[in-house]
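**Student:** Here you go, one structure.
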Amino acid sequence: MTITKQQEGNALTIGIEGRLDTLTAPDLEKEITALGPDVQKLTLDFAKLDYISSAGLRVLLMSQKKMAKQGSMRLINVGKMPREALEVTGFIDILTVE
Amino acid sequence: MKLDLSRFHIKTIDNDKKNLSSLEPFFQRSLLMFVIAAFCVTFGVSYTLQTKQAETESRSFLANETLYICSQVRTAANNYIMLQNTTDGMLVDKVQAIAERLKLQPKLLQDMSALKQLAVSENVFGINVTDASGTTIASYPAKYVGTFNYNDHLATQKYMEIIKNPNTIINEQIRPSTTVEEGSVKAIGVARIDQPGIVQVRFSAARYKNLLNKNSLSNLLTNYTIGNDGTASLLDNEGIIVSSSDKQMVGKPFTVLGLTHRDFSSNNGFFDIRYNNKLQLAAYDKHADYNILVTSPYSDIYAKRNILLIWNAFFYFLLFTVVYYILSHLLNKTVIKSIYTINATLNTITNGDLDKRVEVNNFKEFATLSSDINSTVSALKAAIAEAASRIDRELEFAKAIQASALPKALPENAGTSNFKVRASMSTAKEVGGDFYDFFLVGDDLAFVIADVSGKGIPAALFMMTARTEIRNHILSNPTDLAKAITQANDELCANNDAMLFVTAFAGILNHETGEIKYINAGHNKPLFQKDGKFSWLQGRSGPPLASMDGIPYKLLSFKLDPGCLLYTYTDGVTEATNAVKELYGDDRLVAFLNSIKVEDCQAVIDAITNDVDKFCNGSEQADDITMLSVKFTKNLS
């Protein structure tokens with residue numbers, strides 16, 4: 001799983017490529033935990049995300065709660081499988097999915 | 001014992017050790033430097049000793065030569081003196097013979113021509129005869145007669161002694177003559193025999209000198225050889241070369257030999273001179289009336305030494321090269337190879353094979369190292385095994401606790417004739433995050449199936465809490481499932497620092513009507529049977545529990561026909577993976593259910609369990625697999 005980052009002022013876009021499962025979710029979690037208060041708009045680009053499991057969903061939940069305190073978070077380019085997972089679990093209602 | 005230690009594999013060499021040098025090239029460099037130094041030292045010592053030896057030998061050689069020449073000179077000088085004496089003796093005899101003749105033939109004193117004849121025959125060129133007063137009475141040449149008185153001239157006064165003492169013999173050294181034709185002359189005087197008076201005879205010095213010259217010192221060193229290219233010279237007190245092995249130097253001053261004034265006036269000794277365009281060692285021997293100089297060029301002196309040194313250098317070079325290669329080879333064979341072997345074995349061990357042993361026993365040190373490494377590995381192995389087994393025991397215990405917390409069956413005497421419920425749970429690790437629950441609410445059946453995010457101990461602990469909260473809140477709100485779940489959710493959100501969430505499907509089956517009120521909190525859709533076919537139960541009440549607080553969960557409902565089944569499960573079923581990474585999937589599940597004859601809950605559960613097993617075909621179970629099935633049996637016999 002590869003993570004790319006692009007920051008413009010207080011907006012950060014994180015691109016995730018590959019799978020977000022039990023093995024790879026901790027890497028994303030580390031990245032999000034390390035973000036400082038200077039990041040107020042977090043965008044997660046799922047264009048290259050193939051698969052997300054409940055471990056991945058957990059990291060999204062954690063990110064949403066963190067960003068809710070200092071700004072906002074949204075998901076973009078969500079593919080078919082991740083979208084289904086978000087819909088089935090109902091996370092699609094809690095997260096901002098564009 | 002084989003472990004996957006590759007995750008713990010630290011990089012083989014830390015970055016700051018990357019700059020360390022390797023043992024073998026370091027040793028070889030050191031050894032090479034040492035060997036080169038040793039070679040230089042031994043050769044240097046050899047050179048010094050040989051040079052000293054050569055110089056000592058040549059000095060003693062030259063000293064011997066000077067001694068020899070010295071004795072030669074003395075002998076020659078003695079011979080010379082002897083010869084001189086002999087020659088002088090002969091001349092004196094001759095003069096006395098003439099005196100005898102004069103006595104026997106007094107006529108000679110008057111007859112000038114007869115006197116001349118005598119002179120010629122005796123090979124002398126002057127005869128003078130005096131009377132008792134010293135006046136010449138007869139002479140050849142005649143001019144001295146009556147005019148030359150020996151007493152009158154300072155140079156000849158000594159002859160007067162003869163008159164006083166007739167035994168006196170006057171033997172003059174060679175002196176220039178008063179007459180030009182005569183050149184140098186040697187004069188000898190004896191007493192007249194017949195009466196007092198002087199008989200003086202003058203000899204040609206040239207002839208005299210010739211005789212002596214043949215035996216003189218000038219030829220002493222002419223054919224003398226000193227080594228290959230040395231010289232020997234004899235100098236007189238003024239520094240003129242009397243004799244030399246280098247013939248053309250005779251008669252020249254000492255400076256042509258490369259001697260300085262200081263050298264010449266010094267005492268015996270050795271010094272360096274430059275002669276014949278070569279640097280030479282000179283031995284100088286000083287005596288009262290002559291000096292000897294013998295020289296030998298340094299190129300001669302060192303010739304033998306140089307050959308010896310070349311052989312030395314060659315031999316030492318060979319020796320040290322052999323030593324270098326032998327030592328180098330030895331080090332490689334004994335130490336380096338052993339170290340690499342041990343390294344290779346250690347690599348195998350850290351790659352997971354804890355049973356591998358290091359066996360390098362060529363020397364005591366390596367044998368000790370090997371056995372120490374093996375002991376360490378064994379100790380670690382035992383420690384790991386013990387820790388693992390302790391954890392296993394505790395997890396087994398935990399699993400038992402978990403399993404016993406889940407209901408096996410409904411209590412016997414409840415209004416259970418209208419419905420059946422069966423469930424199964426199979427954890428991926430010892431303890432899991434799935435659970436199910438079923439219990440009576442009045443005469444109705446409440447059932448729950450849930451999946452905590454994650455697996456293992458954290459999920460297991462959260463699972464126990466979630467199950468308790470949901471059950472308690474349902475029991476507290478038997479008629480308002482939505483409220484129960486909403487409250488349970490808020491409780492679970494409150495104590496959720498680890499940010500786990502749990503998908504859940506909770507339902508209450510009305511034992512009279514078969515209506516099932518349900519809450520689907522983010523859980524995968526169950527399958528329900530209607531008119532002989534299974535299809536997906538749609539509808540979502542909200543997000544998974546414990547994900548966000550303050551969510552009002554929406555109550556949904558549907559009707560289960562008599563004799564029909566509701567089948568709920570967790571995603572361990574649909575996400576079961578086989579060897580080629582295919583998922584069992586939703587489509588396969590619904591297709592399978594629709595393909596078999598479905599009799600009752602347990603049969604359904606068993607059938608699907610078997611089918612998933614068959615599908616996975618031995619692949620490791622990735623997630624907890626939990627199923628719960630409810631059948632509405634009212635009006636069935």
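Naming works like this for the structure tokens: A, B, ... for the chains as they're shown, residue 1 at the start of each chain, ligands 1 onward in shown order.
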Hey, what's within 10 Å of Leu91 (chain B) if we count only C-alpha atoms and toss same-chain stuff fewer than 5 positions away? As a PDB file with C-alpha atoms, in the first residue's frame, please?
**Tutor:**
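File written: around-v5.pdb
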```pdb
ATOM      1  CA  ASN B  85     129.144   0.580  -1.188  1.00  0.00           C
ATOM      2  CA  THR B  86     130.140  -2.219  -3.478  1.00  0.00           C
ATOM      3  CA  GLN B  96     144.421   2.147  -5.174  1.00  0.00           C
ATOM      4  CA  ALA B  97     145.374   0.016  -8.108  1.00  0.00           C
ATOM      5  CA  VAL B 124     138.380   7.167 -15.659  1.00  0.00           C
ATOM      6  CA  ASN B 171     135.047   9.259  -1.277  1.00  0.00           C
ATOM      7  CA  LYS B 186     132.554  11.252  -8.686  1.00  0.00           C
ATOM      8  CA  ALA B 187     135.995  11.780  -7.108  1.00  0.00           C
ATOM      9  CA  ILE B 188     137.893   9.415  -4.876  1.00  0.00           C
ATOM     10  CA  VAL B 201     140.776   9.803  -9.507  1.00  0.00           C
ATOM     11  CA  ARG B 202     137.630  11.242 -11.068  1.00  0.00           C
ATOM     12  CA  PHE B 203     134.956   9.000 -12.521  1.00  0.00           C
ATOM     13  CA  TYR B 208     128.179   5.545 -12.087  1.00  0.00           C
TER      14      TYR B 208
END
```
**Student:** With a distance cut-off of 12 Å and only C-alpha atoms, select the neighbouring residues of region 31-33 of chain A, excluding the residue or stretch itself and same-chain residues fewer than 2 positions from it, and output the selection as JSON, numbers by chain.
**Tutor:** {"A": [2, 3, 4, 5, 12, 13, 14, 15, 16, 24, 25, 26, 27, 28, 29, 35, 36, 37, 39, 42, 43, 44, 59, 60, 61, 62, 63, 64, 65, 66, 67, 73]}
**Student:** With the cut-off set at 12 Å and counting only C-alpha atoms, tabulate each residue of chain B with an atom at most that distance from an atom of chain A, showing the nearest atom pair and its distance in Å to one decimal, ordered by chain and increasing number, as a tab-separated table.
**Tutor:**
```
residue	atom	partner	partner_atom	distance
B:Gly433	CA	A:Ser54	CA	11.6
B:Ala450	CA	A:Thr89	CA	11.9
B:Asp451	CA	A:Ser54	CA	9.5
B:Val452	CA	A:Ser54	CA	8.6
B:Ser453	CA	A:Ser54	CA	5.4
B:Gly454	CA	A:Ala55	CA	5.9
B:Lys455	CA	A:Thr22	CA	9.4
B:Gly456	CA	A:Thr22	CA	11.7
B:Ala459	CA	A:Ala55	CA	11.1
B:Cys493	CA	A:Lys65	CA	11.8
B:Asn496	CA	A:Met62	CA	11.0
B:Asp497	CA	A:Met62	CA	10.0
B:Ala498	CA	A:Met62	CA	9.1
B:Met499	CA	A:Met62	CA	6.5
B:Leu500	CA	A:Arg58	CA	6.6
B:Phe501	CA	A:Arg58	CA	7.2
B:Val502	CA	A:Ser54	CA	9.4
B:Thr503	CA	A:Thr89	CA	6.9
B:Ala504	CA	A:Thr89	CA	9.4
B:Phe505	CA	A:Thr89	CA	11.0
B:Asn520	CA	A:Thr89	CA	8.9
B:Ala521	CA	A:Thr89	CA	7.0
B:Gly522	CA	A:Thr89	CA	3.3
B:His523	CA	A:Thr89	CA	5.7
B:Asn524	CA	A:Val88	CA	6.2
B:Lys525	CA	A:Val88	CA	7.7
B:Pro526	CA	A:Val88	CA	11.5
B:Leu537	CA	A:Val88	CA	11.9
B:Gln538	CA	A:Val88	CA	10.0
B:Gly539	CA	A:Val88	CA	9.4
B:Arg540	CA	A:Gly90	CA	7.1
B:Ser541	CA	A:Gly90	CA	8.1
B:Gly542	CA	A:Gly90	CA	5.6
B:Pro543	CA	A:Gly90	CA	4.0
B:Pro544	CA	A:Thr89	CA	6.1
B:Leu545	CA	A:Thr89	CA	9.8
B:Ala546	CA	A:Leu61	CA	10.2
B:Ser547	CA	A:Leu61	CA	6.8
B:Met548	CA	A:Ile94	CA	7.6
B:Asp549	CA	A:Ile94	CA	10.5
B:Gly550	CA	A:Ile94	CA	11.4
B:Ile551	CA	A:Ile94	CA	9.6
B:Tyr553	CA	A:Gly90	CA	11.2
B:Thr570	CA	A:Ser54	CA	11.7
B:Asp571	CA	A:Ser54	CA	9.7
B:Gly572	CA	A:Ser53	CA	11.2
B:Glu575	CA	A:Ser53	CA	9.8
B:Ala622	CA	A:Thr22	CA	10.4
B:Asp623	CA	A:Thr22	CA	10.7
```
**Student:** In chain A, what's helix (DSSP H, G or I) per DSSP? Answer as an NGL selection string?
**Tutor:** :A and (25-33 or 54-70 or 80-89 or 91-94)
**Student:** Would you list the contacts of region 110-118 of chain B as a PyMOL selection string, taking every protein, DNA or RNA residue within 9 Å and counting only C-alpha atoms, but skipping same-chain residues closer than 2 positions in sequence?
**Tutor:** chain B and resi 98+106-108+120-127+137-142
**Student:** Could you save those same residues with C-alpha atoms as a PDB file, in the first residue's frame?
**Tutor:**
```pdb
ATOM      1  CA  ILE B  98     146.223   3.180  -9.976  1.00  0.00           C
ATOM      2  CA  PRO B 106     157.284   6.385 -11.683  1.00  0.00           C
ATOM      3  CA  LYS B 107     157.773   7.308 -15.299  1.00  0.00           C
ATOM      4  CA  LEU B 108     154.041   7.828 -15.520  1.00  0.00           C
ATOM      5  CA  VAL B 120     141.520   5.535 -20.557  1.00  0.00           C
ATOM      6  CA  SER B 121     142.264   1.950 -19.876  1.00  0.00           C
ATOM      7  CA  GLU B 122     140.904   2.252 -16.382  1.00  0.00           C
ATOM      8  CA  ASN B 123     137.872   4.040 -17.702  1.00  0.00           C
ATOM      9  CA  VAL B 124     138.380   7.167 -15.659  1.00  0.00           C
ATOM     10  CA  PHE B 125     138.455  10.643 -16.937  1.00  0.00           C
ATOM     11  CA  GLY B 126     140.733  12.388 -14.445  1.00  0.00           C
ATOM     12  CA  ILE B 127     143.808  11.477 -12.440  1.00  0.00           C
ATOM     13  CA  ILE B 137     152.760  17.282  -9.872  1.00  0.00           C
ATOM     14  CA  ALA B 138     151.120  15.128 -12.493  1.00  0.00           C
ATOM     15  CA  SER B 139     147.571  15.179 -13.896  1.00  0.00           C
ATOM     16  CA  TYR B 140     145.384  14.049 -16.674  1.00  0.00           C
ATOM     17  CA  PRO B 141     144.112  16.386 -18.064  1.00  0.00           C
ATOM     18  CA  ALA B 142     147.439  18.155 -17.778  1.00  0.00           C
TER      19      ALA B 142
END
```
**Student:** Quick one, how far is CA of Leu221 (chain B) from CA of Ser243 (chain B)?
**Tutor:**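 Interatomic distance, CA of Leu221 (chain B) to CA of Ser243 (chain B): 5.6 Å.
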**Student:** Name the residues in contact with Leu354 (chain B) at a cut-off of 12 Å, using only C-alpha atoms, excluding same-chain residues fewer than 3 positions from it; report them as a list in words.
**Tutor:**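 Answer for this query is Met1, Lys2, Leu3, Asp4, Leu5, Thr345, Leu346, Asn347, Thr348, Ile349, Thr350, Asn351, Arg357, Val358, Ile373, Asn374, Ser375, Thr376, Val377, Ser378, Ala379, Leu380, Lys381, Ala382, Ile384 and Ala385 of chain B.
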**Student:** Please write the residues from the selection above to a file, keeping C-alpha atoms, as a PDB file, in the first residue's frame.
**Tutor:**
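Okay, again_4.pdb is ready:
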```pdb
ATOM      1  CA  MET B   1      11.277 -25.118  15.568  1.00  0.00           C
ATOM      2  CA  LYS B   2      10.699 -22.785  12.683  1.00  0.00           C
ATOM      3  CA  LEU B   3       9.627 -19.194  13.151  1.00  0.00           C
ATOM      4  CA  ASP B   4       9.076 -16.354  10.779  1.00  0.00           C
ATOM      5  CA  LEU B   5      11.712 -14.015  12.072  1.00  0.00           C
ATOM      6  CA  THR B 345      24.884 -20.484   9.757  1.00  0.00           C
ATOM      7  CA  LEU B 346      23.758 -17.534  11.866  1.00  0.00           C
ATOM      8  CA  ASN B 347      21.946 -16.158   8.821  1.00  0.00           C
ATOM      9  CA  THR B 348      20.038 -19.421   8.491  1.00  0.00           C
ATOM     10  CA  ILE B 349      19.123 -19.223  12.154  1.00  0.00           C
ATOM     11  CA  THR B 350      17.896 -15.639  11.997  1.00  0.00           C
ATOM     12  CA  ASN B 351      15.901 -16.509   8.915  1.00  0.00           C
ATOM     13  CA  ARG B 357      23.491 -25.494  14.840  1.00  0.00           C
ATOM     14  CA  VAL B 358      26.827 -23.789  14.321  1.00  0.00           C
ATOM     15  CA  ILE B 373      26.246 -19.629  20.002  1.00  0.00           C
ATOM     16  CA  ASN B 374      24.351 -22.915  20.058  1.00  0.00           C
ATOM     17  CA  SER B 375      23.706 -22.599  23.783  1.00  0.00           C
ATOM     18  CA  THR B 376      22.406 -19.057  23.292  1.00  0.00           C
ATOM     19  CA  VAL B 377      20.104 -20.150  20.489  1.00  0.00           C
ATOM     20  CA  SER B 378      18.850 -23.106  22.525  1.00  0.00           C
ATOM     21  CA  ALA B 379      18.174 -20.873  25.504  1.00  0.00           C
ATOM     22  CA  LEU B 380      16.280 -18.403  23.320  1.00  0.00           C
ATOM     23  CA  LYS B 381      14.383 -21.217  21.682  1.00  0.00           C
ATOM     24  CA  ALA B 382      13.323 -22.541  25.052  1.00  0.00           C
ATOM     25  CA  ILE B 384      10.333 -18.411  23.123  1.00  0.00           C
ATOM     26  CA  ALA B 385       8.632 -21.805  23.362  1.00  0.00           C
TER      27      ALA B 385
END
```
**Student:** Please, what distance in Å, to one decimal, runs between CA of Ala206 (chain B) and CA of Asp93 (chain B)?
**Tutor:**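 Taking CA of Ala206 (chain B) and CA of Asp93 (chain B), their separation equals 19.4 Å.
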**Student:** Can you tell me, as a list in words, what residues are no more than 10 Å from Asp263 (chain B) when counting only C-alpha atoms, ignoring any on the same chain fewer than 4 positions away?
**Tutor:**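 The contact residues come out as Phe254, Thr255, Gly258, Leu259, Asn267, Asn268, Gly269, Phe270, Phe271, Asp272, Ile273 and Tyr284 of chain B.
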**Student:** Save out the residues we just selected, N, CA and C atoms, as a short mmCIF file (atom, residue, chain, number, x, y, z; two decimals), in the first residue's frame.
**Tutor:**
```cif
data_model
loop_
_atom_site.label_atom_id
_atom_site.label_comp_id
_atom_site.auth_asym_id
_atom_site.auth_seq_id
_atom_site.Cartn_x
_atom_site.Cartn_y
_atom_site.Cartn_z
N PHE B 254 102.99 15.15 -5.80
CA PHE B 254 101.98 14.27 -5.19
C PHE B 254 100.55 14.65 -5.57
N THR B 255 100.36 15.92 -5.95
CA THR B 255 98.99 16.37 -6.22
C THR B 255 98.36 15.63 -7.39
N GLY B 258 95.96 13.00 -6.55
CA GLY B 258 94.71 13.35 -5.88
C GLY B 258 94.89 13.59 -4.39
N LEU B 259 96.14 13.70 -3.97
CA LEU B 259 96.41 13.99 -2.56
C LEU B 259 96.38 15.49 -2.33
N ASN B 267 99.89 12.32 9.24
CA ASN B 267 100.58 11.09 9.59
C ASN B 267 99.97 9.90 8.87
N ASN B 268 100.43 8.71 9.29
CA ASN B 268 99.83 7.52 8.66
C ASN B 268 98.32 7.57 8.78
N GLY B 269 97.65 7.06 7.79
CA GLY B 269 96.19 7.00 7.94
C GLY B 269 95.52 6.58 6.65
N PHE B 270 94.17 6.54 6.76
CA PHE B 270 93.36 6.20 5.58
C PHE B 270 92.54 7.41 5.20
N PHE B 271 92.52 7.76 3.95
CA PHE B 271 91.58 8.76 3.49
C PHE B 271 91.13 8.48 2.07
N ASP B 272 90.09 9.24 1.70
CA ASP B 272 89.55 9.05 0.36
C ASP B 272 90.18 10.05 -0.59
N ILE B 273 90.60 9.59 -1.76
CA ILE B 273 91.11 10.49 -2.78
C ILE B 273 90.36 10.23 -4.07
N TYR B 284 98.14 5.67 3.61
CA TYR B 284 99.34 6.53 3.55
C TYR B 284 100.29 6.14 4.65
#
```
**Student:** Identify all residues of region 71-242 of chain B in strand (DSSP E) (DSSP on the backbone) and supply them as a VMD selection string.
**Tutor:** chain B and resid 126 to 130 136 to 140 170 to 171 175 to 176 184 to 191 198 to 204 231 to 236 241 to 242
**Student:** Between CA of Asn578 (chain B) and CA of Ser619 (chain B), measure the distance and give it in Å to one decimal.
**Tutor:**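 Going from CA of Asn578 (chain B) over to CA of Ser619 (chain B), I get 5.7 Å.
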**Student:** Can you pull out every residue within 12 Å of region 596-613 of chain B, counting only C-alpha atoms, but drop anything in the same chain fewer than 5 positions away, and send it as a PyMOL selection string?
**Tutor:** chain B and resi 409+419-426+527-530+532-534+563-569+572-578+582-586+588-591+618-621+625-633
